[in-house]
>>> print(open('start_6.txt').read())   # compact mmCIF, C-alpha atoms
# COMPACT_ATOMS: atom_id res chain seq x y z
CA MET A 133 -7.51 8.40 -35.56
CA PRO A 134 -9.60 6.11 -33.38
CA GLU A 135 -13.35 6.03 -34.05
CA SER A 136 -14.34 5.50 -30.45
CA TRP A 137 -12.82 4.41 -27.18
CA ILE A 138 -13.52 0.78 -28.06
CA ASP A 139 -10.57 0.93 -30.46
CA PHE A 140 -8.21 1.25 -27.51
CA ILE A 141 -9.27 -1.99 -25.88
CA PRO A 142 -7.13 -4.47 -27.89
CA THR A 143 -3.92 -2.55 -27.11
CA LEU A 144 -4.84 -2.27 -23.46
CA LEU A 145 -5.60 -5.99 -23.30
CA GLU A 146 -2.08 -6.66 -24.62
CA GLY A 147 -0.79 -4.68 -21.66
CA ALA A 148 -3.17 -6.43 -19.29
CA LYS A 149 -1.49 -9.73 -20.18
CA ILE A 150 1.83 -8.42 -18.87
CA THR A 151 0.14 -7.00 -15.78
CA VAL A 152 -1.48 -10.35 -15.04
CA THR A 153 1.79 -12.22 -15.65
CA VAL A 154 3.71 -9.98 -13.26
CA ALA A 155 0.91 -10.17 -10.69
CA ILE A 156 0.73 -13.99 -10.75
CA LEU A 157 4.49 -14.55 -10.58
CA ALA A 158 4.92 -11.91 -7.88
CA THR A 159 2.07 -13.43 -5.86
CA LEU A 160 3.71 -16.84 -5.97
CA LEU A 161 7.03 -15.39 -4.83
CA ALA A 162 5.30 -13.31 -2.14
CA VAL A 163 3.42 -16.29 -0.72
CA VAL A 164 6.57 -18.42 -0.55
CA THR A 165 8.65 -15.69 1.10
CA ALA A 166 5.80 -14.71 3.42
CA PHE A 167 5.54 -18.25 4.77
CA ALA A 168 9.32 -18.71 4.95
CA SER A 169 9.89 -15.43 6.71
CA GLY A 170 6.79 -15.73 8.90
CA LEU A 171 7.83 -19.17 10.14
CA MET A 172 11.40 -17.99 10.61
CA SER A 173 10.19 -15.13 12.79
CA LEU A 174 8.78 -17.72 15.20
CA SER A 175 11.98 -19.74 15.36
CA ARG A 176 13.68 -20.51 18.67
CA LEU A 177 17.04 -19.51 17.23
CA ARG A 178 17.74 -15.81 17.55
CA LEU A 179 19.85 -15.68 14.37
CA ILE A 180 16.96 -16.99 12.26
CA ARG A 181 14.54 -14.52 13.84
CA TRP A 182 17.01 -11.73 13.07
CA ILE A 183 17.31 -12.68 9.41
CA SER A 184 13.55 -12.63 9.07
CA SER A 185 13.16 -9.31 10.82
CA ILE A 186 15.93 -7.64 8.80
CA TYR A 187 14.24 -8.82 5.60
CA VAL A 188 10.86 -7.52 6.76
CA GLU A 189 12.11 -4.15 7.98
CA VAL A 190 14.26 -3.47 4.91
CA PHE A 191 11.53 -4.26 2.42
CA ARG A 192 8.80 -2.53 4.38
CA GLY A 193 10.98 0.42 5.32
CA THR A 194 12.05 1.40 1.82
CA SER A 195 9.61 2.26 -0.88
CA LEU A 196 8.59 -0.38 -3.45
CA LEU A 197 9.39 1.95 -6.33
CA VAL A 198 12.85 2.61 -4.89
CA GLN A 199 13.39 -1.14 -4.62
CA LEU A 200 12.37 -1.59 -8.24
CA PHE A 201 14.75 1.17 -9.35
CA TRP A 202 17.51 -0.32 -7.29
CA LEU A 203 17.05 -3.83 -8.68
CA TYR A 204 16.72 -2.70 -12.27
CA PHE A 205 18.99 0.34 -12.57
CA ALA A 206 21.56 0.08 -9.76
CA LEU A 207 22.21 -3.64 -9.55
CA PRO A 208 23.75 -3.89 -13.07
CA PHE A 209 26.57 -1.70 -11.73
CA ALA A 210 27.30 -4.40 -9.21
CA GLY A 211 27.56 -6.82 -12.11
CA ILE A 212 24.08 -8.32 -11.84
CA GLU A 213 21.89 -7.51 -14.78
CA LEU A 214 18.27 -8.61 -14.43
CA PRO A 215 15.75 -8.80 -17.26
CA LYS A 216 12.75 -6.48 -16.78
CA LEU A 217 10.30 -9.23 -15.89
CA LEU A 218 12.60 -10.72 -13.28
CA ALA A 219 13.34 -7.33 -11.71
CA ALA A 220 9.63 -6.54 -11.59
CA VAL A 221 8.65 -9.89 -10.08
CA LEU A 222 11.47 -9.76 -7.53
CA ALA A 223 10.68 -6.22 -6.40
CA VAL A 224 6.91 -6.71 -6.10
CA GLY A 225 7.15 -10.27 -4.76
CA LEU A 226 9.77 -9.55 -2.09
CA ASN A 227 8.03 -6.35 -1.04
CA PHE A 228 4.69 -8.04 -0.50
CA GLY A 229 6.37 -11.07 0.98
CA ALA A 230 7.56 -8.79 3.78
CA TYR A 231 4.03 -7.58 4.47
CA GLY A 232 2.70 -11.14 4.19
CA SER A 233 5.31 -12.33 6.67
CA GLU A 234 3.53 -10.38 9.42
CA VAL A 235 0.19 -11.86 8.35
CA VAL A 236 1.54 -15.41 8.59
CA ARG A 237 3.20 -14.71 11.91
CA SER A 238 0.19 -13.18 13.60
CA ALA A 239 -2.20 -15.83 12.22
CA ILE A 240 -0.03 -18.59 13.65
CA LEU A 241 0.23 -16.83 17.01
CA ALA A 242 -3.55 -16.44 17.05
CA VAL A 243 -4.12 -20.24 17.08
CA PRO A 244 -5.23 -21.02 20.66
CA LYS A 245 -2.55 -22.33 22.98
CA GLY A 246 -4.54 -25.47 23.74
CA GLN A 247 -4.03 -26.62 20.16
CA TRP A 248 -0.25 -26.50 20.59
CA GLU A 249 -0.48 -28.29 23.90
CA ALA A 250 -2.80 -30.94 22.51
CA ALA A 251 -0.37 -31.63 19.66
CA ILE A 252 2.48 -31.97 22.14
CA ALA A 253 0.38 -34.24 24.36
CA LEU A 254 -0.29 -36.47 21.33
CA ASN A 255 3.46 -36.78 20.90
CA MET A 256 3.55 -35.13 17.49
CA THR A 257 6.84 -33.94 16.07
CA PRO A 258 7.19 -30.16 15.62
CA TRP A 259 6.77 -30.68 11.89
CA GLN A 260 3.54 -32.68 12.32
CA ARG A 261 2.25 -30.15 14.81
CA MET A 262 2.81 -27.28 12.41
CA SER A 263 1.54 -28.93 9.24
CA TYR A 264 -1.46 -30.90 10.59
CA ILE A 265 -2.68 -28.80 13.53
CA ILE A 266 -1.47 -25.20 13.47
CA LEU A 267 -1.17 -24.18 9.82
CA PRO A 268 -4.60 -25.47 8.68
CA GLN A 269 -6.24 -23.35 11.39
CA ALA A 270 -3.98 -20.35 10.81
CA ALA A 271 -4.52 -20.45 7.04
CA LEU A 272 -8.19 -19.53 7.39
CA ARG A 273 -7.25 -16.47 9.43
CA MET A 274 -4.67 -15.47 6.84
CA LEU A 275 -7.11 -15.47 3.96
CA PRO A 276 -8.83 -12.06 4.47
CA PRO A 277 -5.59 -10.08 5.06
CA PHE A 278 -3.95 -11.95 2.17
CA GLY A 279 -6.90 -10.94 0.00
CA ASN A 280 -6.34 -7.28 0.87
CA LEU A 281 -2.64 -7.60 0.14
CA LEU A 282 -3.39 -9.23 -3.20
CA VAL A 283 -5.49 -6.23 -4.26
CA GLU A 284 -2.62 -3.94 -3.20
CA LEU A 285 -0.20 -6.14 -5.15
CA ILE A 286 -2.24 -5.94 -8.34
CA LYS A 287 -2.43 -2.16 -8.00
CA SER A 288 1.29 -1.93 -7.38
CA THR A 289 2.17 -3.80 -10.59
CA SER A 290 1.41 -0.48 -12.31
CA LEU A 291 4.81 0.66 -11.03
CA VAL A 292 6.60 -1.52 -13.61
CA TYR A 293 5.63 1.29 -15.97
CA PHE A 294 8.66 3.14 -14.54
CA ILE A 295 11.09 0.55 -15.90
CA THR A 296 9.30 0.77 -19.29
CA MET A 297 7.77 -2.66 -19.08
CA ALA A 298 4.82 -2.83 -21.49
CA ASP A 299 2.14 -3.41 -18.85
CA LEU A 300 -1.39 -2.03 -18.81
CA THR A 301 -0.38 1.42 -17.56
CA TYR A 302 2.51 1.67 -20.01
CA GLN A 303 0.34 0.78 -22.99
CA ALA A 304 -2.23 3.33 -21.91
CA MET A 305 0.41 6.05 -21.63
CA VAL A 306 1.73 5.19 -25.09
CA LEU A 307 -1.81 5.46 -26.46
CA ARG A 308 -2.21 8.77 -24.66
CA ASN A 309 0.96 10.09 -26.29
CA ASN A 310 -0.39 9.21 -29.70
CA TYR A 311 -3.92 10.51 -29.14
CA ILE A 312 -3.61 13.36 -26.65
CA SER A 313 -7.19 14.51 -27.20
CA TRP A 314 -8.43 11.09 -25.99
CA THR A 315 -6.52 11.31 -22.71
CA SER A 316 -9.57 11.21 -20.46
CA GLU A 317 -11.19 8.24 -22.22
CA ILE A 318 -7.93 6.28 -22.14
CA LEU A 319 -7.25 6.96 -18.48
CA LEU A 320 -10.83 6.20 -17.45
CA LEU A 321 -10.68 2.95 -19.38
CA LEU A 322 -7.40 2.17 -17.66
CA LEU A 323 -8.92 2.81 -14.22
CA LEU A 324 -11.90 0.61 -15.10
CA MET A 325 -9.68 -2.25 -16.21
CA TYR A 326 -7.81 -2.19 -12.92
CA LEU A 327 -11.13 -1.98 -11.09
CA VAL A 328 -12.38 -5.09 -12.89
CA MET A 329 -9.23 -7.05 -12.07
CA THR A 330 -9.11 -6.12 -8.40
CA SER A 331 -12.87 -6.59 -7.92
CA LEU A 332 -12.74 -10.05 -9.46
CA VAL A 333 -9.87 -11.04 -7.19
CA SER A 334 -11.47 -9.75 -3.99
CA PHE A 335 -14.75 -11.41 -4.94
CA GLY A 336 -12.91 -14.69 -5.56
CA ILE A 337 -11.14 -14.49 -2.22
CA ARG A 338 -14.44 -13.86 -0.40
CA VAL A 339 -16.05 -16.88 -2.04
CA TRP A 340 -13.01 -18.99 -1.19
CA GLU A 341 -13.14 -17.82 2.41
CA ARG A 342 -16.83 -18.67 2.72
CA LYS A 343 -16.32 -22.13 1.22
CA TRP A 344 -13.37 -22.80 3.44
CA SER A 345 -14.92 -21.69 6.71
CA GLU A 346 -18.06 -23.82 6.21
CA GLY A 347 -18.50 -25.92 9.29
CA ARG A 348 -15.25 -24.73 10.79
CA MET A 349 -15.91 -21.46 12.51
CA MET B 29 31.62 0.02 -6.79
CA TRP B 30 30.81 2.28 -3.85
CA ASP B 31 32.52 5.69 -3.80
CA TRP B 32 32.19 7.43 -0.42
CA ASN B 33 33.38 10.79 -1.76
CA TYR B 34 30.75 10.76 -4.46
CA ALA B 35 28.07 9.64 -2.03
CA LEU B 36 28.91 12.50 0.34
CA GLU B 37 28.97 14.91 -2.57
CA ILE B 38 25.40 14.17 -3.65
CA LEU B 39 23.98 13.78 -0.13
CA PRO B 40 23.14 17.50 0.39
CA GLU B 41 21.09 17.59 -2.79
CA LEU B 42 19.22 14.48 -1.74
CA LEU B 43 18.55 15.91 1.71
CA ILE B 44 16.97 18.99 0.15
CA ALA B 45 14.77 16.69 -1.93
CA LEU B 46 13.95 14.73 1.21
CA ARG B 47 12.48 17.91 2.65
CA MET B 48 10.22 18.18 -0.39
CA THR B 49 9.17 14.55 0.07
CA VAL B 50 8.33 15.16 3.71
CA ILE B 51 6.33 18.30 2.91
CA ALA B 52 4.34 16.48 0.22
CA THR B 53 3.72 13.61 2.64
CA LEU B 54 2.50 15.88 5.42
CA LEU B 55 0.21 17.91 3.18
CA GLY B 56 -1.15 14.72 1.62
CA PHE B 57 -1.71 13.24 5.07
CA LEU B 58 -3.47 16.39 6.26
CA SER B 59 -5.92 16.23 3.36
CA ALA B 60 -6.40 12.50 3.85
CA VAL B 61 -7.18 13.01 7.55
CA ILE B 62 -9.83 15.62 6.72
CA VAL B 63 -11.39 13.95 3.67
CA GLY B 64 -11.21 10.56 5.38
CA LEU B 65 -13.30 11.83 8.30
CA LEU B 66 -15.83 13.40 5.94
CA LEU B 67 -16.04 10.11 4.02
CA ALA B 68 -16.52 8.12 7.21
CA LEU B 69 -19.35 10.45 8.25
CA ALA B 70 -20.88 10.34 4.76
CA ILE B 71 -20.86 6.52 4.82
CA ARG B 72 -22.85 6.64 8.09
CA SER B 73 -25.24 9.25 6.73
CA ARG B 74 -29.01 8.74 6.75
CA TRP B 75 -29.30 10.00 3.18
CA VAL B 76 -29.12 7.05 0.86
CA TRP B 77 -27.64 8.91 -2.09
CA LEU B 78 -24.85 10.40 0.00
CA ARG B 79 -24.09 7.02 1.55
CA LEU B 80 -24.01 5.28 -1.82
CA THR B 81 -21.85 7.98 -3.44
CA ALA B 82 -19.34 7.82 -0.60
CA LYS B 83 -19.25 4.03 -0.71
CA GLY B 84 -18.85 4.01 -4.48
CA PHE B 85 -16.04 6.57 -4.31
CA ASN B 86 -14.36 4.54 -1.60
CA GLY B 87 -14.50 1.30 -3.56
CA PHE B 88 -13.37 2.87 -6.80
CA ILE B 89 -10.38 4.69 -5.33
CA ARG B 90 -9.24 1.75 -3.23
CA ASN B 91 -9.37 -0.66 -6.12
CA THR B 92 -7.38 1.34 -8.65
CA PRO B 93 -3.67 2.24 -8.58
CA LEU B 94 -2.51 5.55 -7.13
CA LEU B 95 -0.22 6.01 -10.14
CA VAL B 96 -3.13 6.01 -12.58
CA GLN B 97 -5.20 8.28 -10.35
CA VAL B 98 -2.35 10.77 -10.24
CA PHE B 99 -2.08 10.63 -14.05
CA PHE B 100 -5.79 11.27 -14.25
CA ILE B 101 -5.67 14.29 -11.94
CA TYR B 102 -2.64 15.71 -13.71
CA TYR B 103 -3.53 15.05 -17.35
CA SER B 104 -7.29 14.58 -17.60
CA LEU B 105 -8.68 17.01 -15.07
CA PRO B 106 -7.41 20.08 -16.97
CA MET B 107 -9.00 18.74 -20.17
CA MET B 108 -12.31 17.92 -18.53
CA THR B 109 -12.73 20.87 -16.19
CA GLY B 110 -10.24 23.48 -17.32
CA ILE B 111 -8.62 23.45 -13.88
CA SER B 112 -4.95 22.78 -14.32
CA LEU B 113 -3.00 21.92 -11.18
CA PRO B 114 0.78 22.18 -10.87
CA ALA B 115 2.47 18.81 -10.34
CA PHE B 116 3.01 19.50 -6.65
CA TYR B 117 -0.67 20.06 -5.88
CA ALA B 118 -1.86 17.33 -8.23
CA GLY B 119 0.45 14.93 -6.42
CA ILE B 120 -0.75 15.97 -2.98
CA LEU B 121 -4.37 15.78 -4.08
CA GLY B 122 -3.86 12.30 -5.54
CA LEU B 123 -2.03 11.03 -2.47
CA GLY B 124 -4.55 12.62 -0.12
CA LEU B 125 -7.63 11.31 -1.93
CA HIS B 126 -6.21 7.82 -2.29
CA TYR B 127 -5.42 7.45 1.39
CA SER B 128 -8.57 9.24 2.56
CA THR B 129 -10.43 6.07 1.59
CA TYR B 130 -8.13 3.97 3.79
CA LEU B 131 -8.40 6.45 6.64
CA SER B 132 -12.19 6.47 6.38
CA GLU B 133 -12.09 2.76 7.27
CA VAL B 134 -9.85 3.55 10.22
CA TYR B 135 -12.26 6.23 11.46
CA ARG B 136 -15.12 3.79 10.98
CA SER B 137 -13.48 1.24 13.26
CA GLY B 138 -12.85 3.96 15.84
CA ILE B 139 -16.43 5.19 15.71
CA GLU B 140 -17.88 1.71 15.92
CA ALA B 141 -15.77 0.98 18.99
CA VAL B 142 -17.54 3.72 20.96
CA PRO B 143 -20.07 1.93 23.19
CA ARG B 144 -23.73 2.35 22.32
CA GLY B 145 -24.45 3.74 25.76
CA GLN B 146 -22.51 6.87 24.79
CA TRP B 147 -24.92 7.53 21.94
CA GLU B 148 -27.90 6.90 24.16
CA ALA B 149 -26.50 9.14 26.89
CA ALA B 150 -26.01 11.94 24.40
CA THR B 151 -29.58 11.52 23.24
CA ALA B 152 -30.85 11.43 26.81
CA LEU B 153 -28.98 14.65 27.56
CA ASN B 154 -30.69 16.25 24.58
CA TYR B 155 -27.46 16.87 22.66
CA THR B 156 -27.80 18.03 19.09
CA LYS B 157 -26.36 15.80 16.35
CA LEU B 158 -23.37 18.11 15.97
CA ASP B 159 -22.69 18.25 19.71
CA THR B 160 -22.97 14.48 20.00
CA TRP B 161 -20.27 14.04 17.37
CA ARG B 162 -18.10 16.88 18.55
CA SER B 163 -18.08 16.40 22.29
CA VAL B 164 -19.04 12.78 22.85
CA ILE B 165 -18.26 10.44 19.97
CA LEU B 166 -15.17 11.79 18.21
CA PRO B 167 -13.18 12.56 21.39
CA GLN B 168 -13.55 8.88 22.26
CA ALA B 169 -13.24 7.47 18.74
CA ILE B 170 -10.08 9.24 17.63
CA PRO B 171 -7.42 8.69 20.35
CA PRO B 172 -7.44 4.87 20.00
CA ILE B 173 -6.86 5.09 16.25
CA ILE B 174 -3.90 7.49 16.42
CA PRO B 175 -1.29 4.69 16.10
CA VAL B 176 -3.09 3.37 12.99
CA LEU B 177 -3.12 6.87 11.52
CA GLY B 178 0.61 7.02 12.27
CA ASN B 179 1.14 3.81 10.32
CA TYR B 180 -0.67 5.27 7.34
CA LEU B 181 1.50 8.40 7.55
CA ILE B 182 4.52 6.12 7.13
CA VAL B 183 2.85 4.25 4.26
CA MET B 184 2.11 7.55 2.49
CA PHE B 185 5.70 8.68 2.96
CA LYS B 186 6.85 5.57 1.11
CA GLU B 187 4.36 6.12 -1.70
CA THR B 188 5.63 9.61 -2.60
CA PRO B 189 8.16 8.32 -5.19
CA ILE B 190 5.14 7.49 -7.37
CA LEU B 191 4.55 11.22 -7.70
CA SER B 192 7.81 11.50 -9.66
CA ALA B 193 5.77 10.21 -12.62
CA ILE B 194 4.13 13.63 -12.94
CA THR B 195 7.48 15.43 -12.48
CA LEU B 196 7.05 16.25 -8.81
CA VAL B 197 10.70 16.64 -7.86
CA GLU B 198 10.96 14.48 -4.76
CA LEU B 199 13.72 12.18 -3.58
CA LEU B 200 13.62 9.56 -6.33
CA LEU B 201 13.35 12.00 -9.21
CA THR B 202 16.25 14.02 -7.78
CA ALA B 203 18.32 10.84 -7.68
CA LYS B 204 17.28 10.09 -11.25
CA ASN B 205 18.40 13.57 -12.32
CA ILE B 206 21.73 13.11 -10.56
CA VAL B 207 22.15 9.79 -12.36
CA SER B 208 21.47 11.34 -15.75
CA GLU B 209 24.24 13.89 -15.17
CA SER B 210 26.91 11.72 -13.62
CA PHE B 211 26.06 8.28 -15.03
CA ARG B 212 26.84 6.87 -11.63
CA VAL B 213 23.81 4.84 -10.63
CA PHE B 214 24.70 2.82 -7.59
CA GLU B 215 25.19 5.53 -4.98
CA PRO B 216 22.17 7.75 -5.68
CA TYR B 217 19.58 4.94 -5.67
CA THR B 218 21.14 3.19 -2.70
CA LEU B 219 21.19 6.45 -0.74
CA VAL B 220 17.53 7.05 -1.56
CA GLY B 221 16.67 3.62 -0.17
CA LEU B 222 18.74 4.25 2.95
CA LEU B 223 17.13 7.66 3.49
CA PHE B 224 13.66 6.11 3.30
CA LEU B 225 14.70 3.42 5.75
CA ALA B 226 16.32 5.99 8.05
CA ILE B 227 13.02 7.80 8.45
CA SER B 228 10.41 5.10 8.22
CA TYR B 229 12.03 2.50 10.49
CA PRO B 230 12.44 4.77 13.56
CA SER B 231 8.96 6.17 12.92
CA SER B 232 7.46 2.70 12.89
CA LEU B 233 9.22 1.89 16.17
CA LEU B 234 7.75 5.08 17.60
CA VAL B 235 4.26 4.12 16.45
CA ARG B 236 4.66 0.65 17.96
CA ARG B 237 5.66 2.17 21.30
CA LEU B 238 2.73 4.54 21.19
CA GLU B 239 0.44 1.61 20.49
CA LYS B 240 1.77 -0.35 23.45
CA ARG B 241 1.42 2.60 25.78
CA MET B 242 -2.13 3.29 24.72
CA ASN B 243 -3.08 -0.33 25.20
CA LEU B 244 -1.63 -0.19 28.70
CA GLN B 245 -3.62 2.94 29.47
CA ARG B 246 -6.80 1.24 28.46
CA GLY B 247 -5.90 -1.66 30.69
CA LYS B 248 -5.28 -4.28 28.01
>>> encode(input="start_6.txt", output="structure tokens")
Amino acid sequence: MPESWIDFIPTLLEGAKITVTVAILATLLAVVTAFASGLMSLSRLRLIRWISSIYVEVFRGTSLLVQLFWLYFALPFAGIELPKLLAAVLAVGLNFGAYGSEVVRSAILAVPKGQWEAAIALNMTPWQRMSYIILPQAALRMLPPFGNLLVELIKSTSLVYFITMADLTYQAMVLRNNYISWTSEILLLLLLMYLVMTSLVSFGIRVWERKWSEGRM
Amino acid sequence: MWDWNYALEILPELLIALRMTVIATLLGFLSAVIVGLLLALAIRSRWVWLRLTAKGFNGFIRNTPLLVQVFFIYYSLPMMTGISLPAFYAGILGLGLHYSTYLSEVYRSGIEAVPRGQWEAATALNYTKLDTWRSVILPQAIPPIIPVLGNYLIVMFKETPILSAITLVELLLTAKNIVSESFRVFEPYTLVGLLFLAISYPSSLLVRRLEKRMNLQRGK
């Protein structure tokens, strides 16, 4: 029997490692897909715009948990068996990539038209225009909504509990099973640990934003 | 890989579960709309303690996962208070409370968009606090935020599968039960995804149209 709630912390920290791993890998995937899909949605070619919008609508239109179930439980029947970590990262990353795609798109569209025209007047190639003029200005606008999405992403990693991945939530539920009378302490501790993680991240993003916007806006 | 006969065979059962999902969503949304407004008002309150409590609640709920909150309501609340809720109500309460914090922000933006002159006019006309809110501020604050509320309704609809964790028999759990009987996995889970898409995509188009129309009305 545990002496006090402090005894639960080491086990929960083990789970937190998995949570952080999934969150970091999924964030990387989400950022890459968000930029790819966001830029594609602004393409001149209709086919490319379609691909981007199908991706966004499918991943935003179906529930994240359903996507996770589909990737982990259904896909093996189509001959593709994914390890837990990969299924988790793919589901969370692609889901948030779809939301991020809209952020990237609207931030780029929000850059004043004169900036585009100036880049054209200076005879820049489309690539130069995007990477030297448009994206650096758009990136600052993306930061606050990306920060919100990141908090949502961290919270949503708790869903990997459903595919029995030993993340923070899973470890807590195992502890709860073993020590039913400590349920409230364990769950409160679990809530607090998520609160600490998400608060740290949103604080970090705010500091980053302030540093970045110095002398720019 | 894909068996149409089997898919058609399980579709009726899934549609019944879809009804449950929709009911849970609507009840959760209703509570979020009410609690969200109360939270928004509490955050604007003159009483410091009420303001701080509401803000603290808001921050805490928004920064922790819905799944864990639902576990807490379902497993811990009975132990702490002696009130034991059936899974259905625990799920609705969890969903409603979680999104009430998001909706309170939406209300806040609506309220702040009401021009100051409206407040001053209400004061000049000697309106009571209650009358000011009821007949001047809220009638102007709420219509512009209806599309945003619609978006959150769709978001909440997609979050309902989380409630399967506390055995609320919605769409995903029904599919899981079908899988455990038939051992055919591909059709049930794919159908669940398609059903979600079939409802949320048209709804989001509807919300977008509503948004456009309201912007036109306001001359934007």
>>> residues_around(input="start_6.txt", residues="B:Phe214", least_positions_apart="2", cutoff="12 Å", atoms="all atoms listed in the file", output="VMD selection string")
(chain A and resid 201 to 212) or (chain B and resid 29 to 32 34 to 35 203 to 204 206 to 207 210 to 212 216 to 221)
>>> interface_residues(input="start_6.txt", of="chain A", to="chain B", cutoff="6 Å", atoms="all atoms listed in the file", output="mmCIF file with C-alpha atoms, keeping the file's coordinate frame")
data_model
loop_
_atom_site.group_PDB
_atom_site.id
_atom_site.type_symbol
_atom_site.label_atom_id
_atom_site.label_comp_id
_atom_site.auth_asym_id
_atom_site.auth_seq_id
_atom_site.Cartn_x
_atom_site.Cartn_y
_atom_site.Cartn_z
ATOM 1 C CA GLY A 193 10.980 0.420 5.320
ATOM 2 C CA THR A 194 12.050 1.400 1.820
ATOM 3 C CA SER A 195 9.610 2.260 -0.880
ATOM 4 C CA TRP A 202 17.510 -0.320 -7.290
ATOM 5 C CA ALA A 206 21.560 0.080 -9.760
ATOM 6 C CA LYS A 287 -2.430 -2.160 -8.000
ATOM 7 C CA SER A 316 -9.570 11.210 -20.460
ATOM 8 C CA LEU A 323 -8.920 2.810 -14.220
ATOM 9 C CA TYR A 326 -7.810 -2.190 -12.920
ATOM 10 C CA LEU A 327 -11.130 -1.980 -11.090
ATOM 11 C CA THR A 330 -9.110 -6.120 -8.400
#
>>> atom_distance(input="start_6.txt", atom1="atom CA of B:Lys240", atom2="atom CA of B:Leu177")
14.8 Å
>>> atom_distance(input="start_6.txt", atom1="atom CA of B:Leu80", atom2="atom CA of A:Asn280")
21.8 Å
>>> residues_around(input="start_6.txt", residues="B:Leu191", least_positions_apart="3", cutoff="9 Å", atoms="all atoms listed in the file", output="ChimeraX atom specification")
/B:95,98,115-116,118-120,122-123,187-188,194-198,201
>>> residues_around(input="start_6.txt", residues="stretch 170-181 of chain A", least_positions_apart="6", cutoff="12 Å", atoms="only C-alpha atoms", output="PDB file with C-alpha atoms, keeping the file's coordinate frame")
ATOM      1  CA  ALA A 162       5.300 -13.310  -2.140  1.00  0.00           C
ATOM      2  CA  VAL A 163       3.420 -16.290  -0.720  1.00  0.00           C
ATOM      3  CA  VAL A 164       6.570 -18.420  -0.550  1.00  0.00           C
ATOM      4  CA  TYR A 187      14.240  -8.820   5.600  1.00  0.00           C
ATOM      5  CA  VAL A 188      10.860  -7.520   6.760  1.00  0.00           C
ATOM      6  CA  GLY A 229       6.370 -11.070   0.980  1.00  0.00           C
ATOM      7  CA  ALA A 230       7.560  -8.790   3.780  1.00  0.00           C
ATOM      8  CA  TYR A 231       4.030  -7.580   4.470  1.00  0.00           C
ATOM      9  CA  GLY A 232       2.700 -11.140   4.190  1.00  0.00           C
ATOM     10  CA  SER A 233       5.310 -12.330   6.670  1.00  0.00           C
ATOM     11  CA  GLU A 234       3.530 -10.380   9.420  1.00  0.00           C
ATOM     12  CA  VAL A 235       0.190 -11.860   8.350  1.00  0.00           C
ATOM     13  CA  VAL A 236       1.540 -15.410   8.590  1.00  0.00           C
ATOM     14  CA  ARG A 237       3.200 -14.710  11.910  1.00  0.00           C
ATOM     15  CA  SER A 238       0.190 -13.180  13.600  1.00  0.00           C
ATOM     16  CA  ALA A 239      -2.200 -15.830  12.220  1.00  0.00           C
ATOM     17  CA  ILE A 240      -0.030 -18.590  13.650  1.00  0.00           C
ATOM     18  CA  LEU A 241       0.230 -16.830  17.010  1.00  0.00           C
ATOM     19  CA  PRO A 258       7.190 -30.160  15.620  1.00  0.00           C
ATOM     20  CA  TRP A 259       6.770 -30.680  11.890  1.00  0.00           C
ATOM     21  CA  MET A 262       2.810 -27.280  12.410  1.00  0.00           C
ATOM     22  CA  SER A 263       1.540 -28.930   9.240  1.00  0.00           C
ATOM     23  CA  ILE A 266      -1.470 -25.200  13.470  1.00  0.00           C
ATOM     24  CA  LEU A 267      -1.170 -24.180   9.820  1.00  0.00           C
ATOM     25  CA  ALA A 270      -3.980 -20.350  10.810  1.00  0.00           C
ATOM     26  CA  MET A 274      -4.670 -15.470   6.840  1.00  0.00           C
TER      27      MET A 274
END
>>> atom_distance(input="start_6.txt", atom1="atom CA of A:Phe167", atom2="atom CA of A:Glu341")
18.8 Å
>>> residues_around(input="start_6.txt", residues="stretch 141-144 of chain A", least_positions_apart="5", cutoff="7 Å", atoms="only C-alpha atoms", output="list in words")
Leu300, Gln303 and Ala304 of chain A
>>> residues_near_point(input="start_6.txt", point="(-11.5, 8.4, 11.2)", cutoff="12 Å", atoms="all atoms listed in the file", output="PyMOL selection string")
chain B and resi 60-72+127-141+165-177+180
>>> residues_around(input="start_6.txt", residues="A:Glu135", least_positions_apart="3", cutoff="12 Å", atoms="only C-alpha atoms", output="VMD selection string")
chain A and resid 138 to 140 311 314
>>> write_last_selection(input="start_6.txt", atoms="C-alpha atoms", output="compact mmCIF listing (two decimals), keeping the file's coordinate frame")
# COMPACT_ATOMS: atom_id res chain seq x y z
CA ILE A 138 -13.52 0.78 -28.06
CA ASP A 139 -10.57 0.93 -30.46
CA PHE A 140 -8.21 1.25 -27.51
CA TYR A 311 -3.92 10.51 -29.14
CA TRP A 314 -8.43 11.09 -25.99
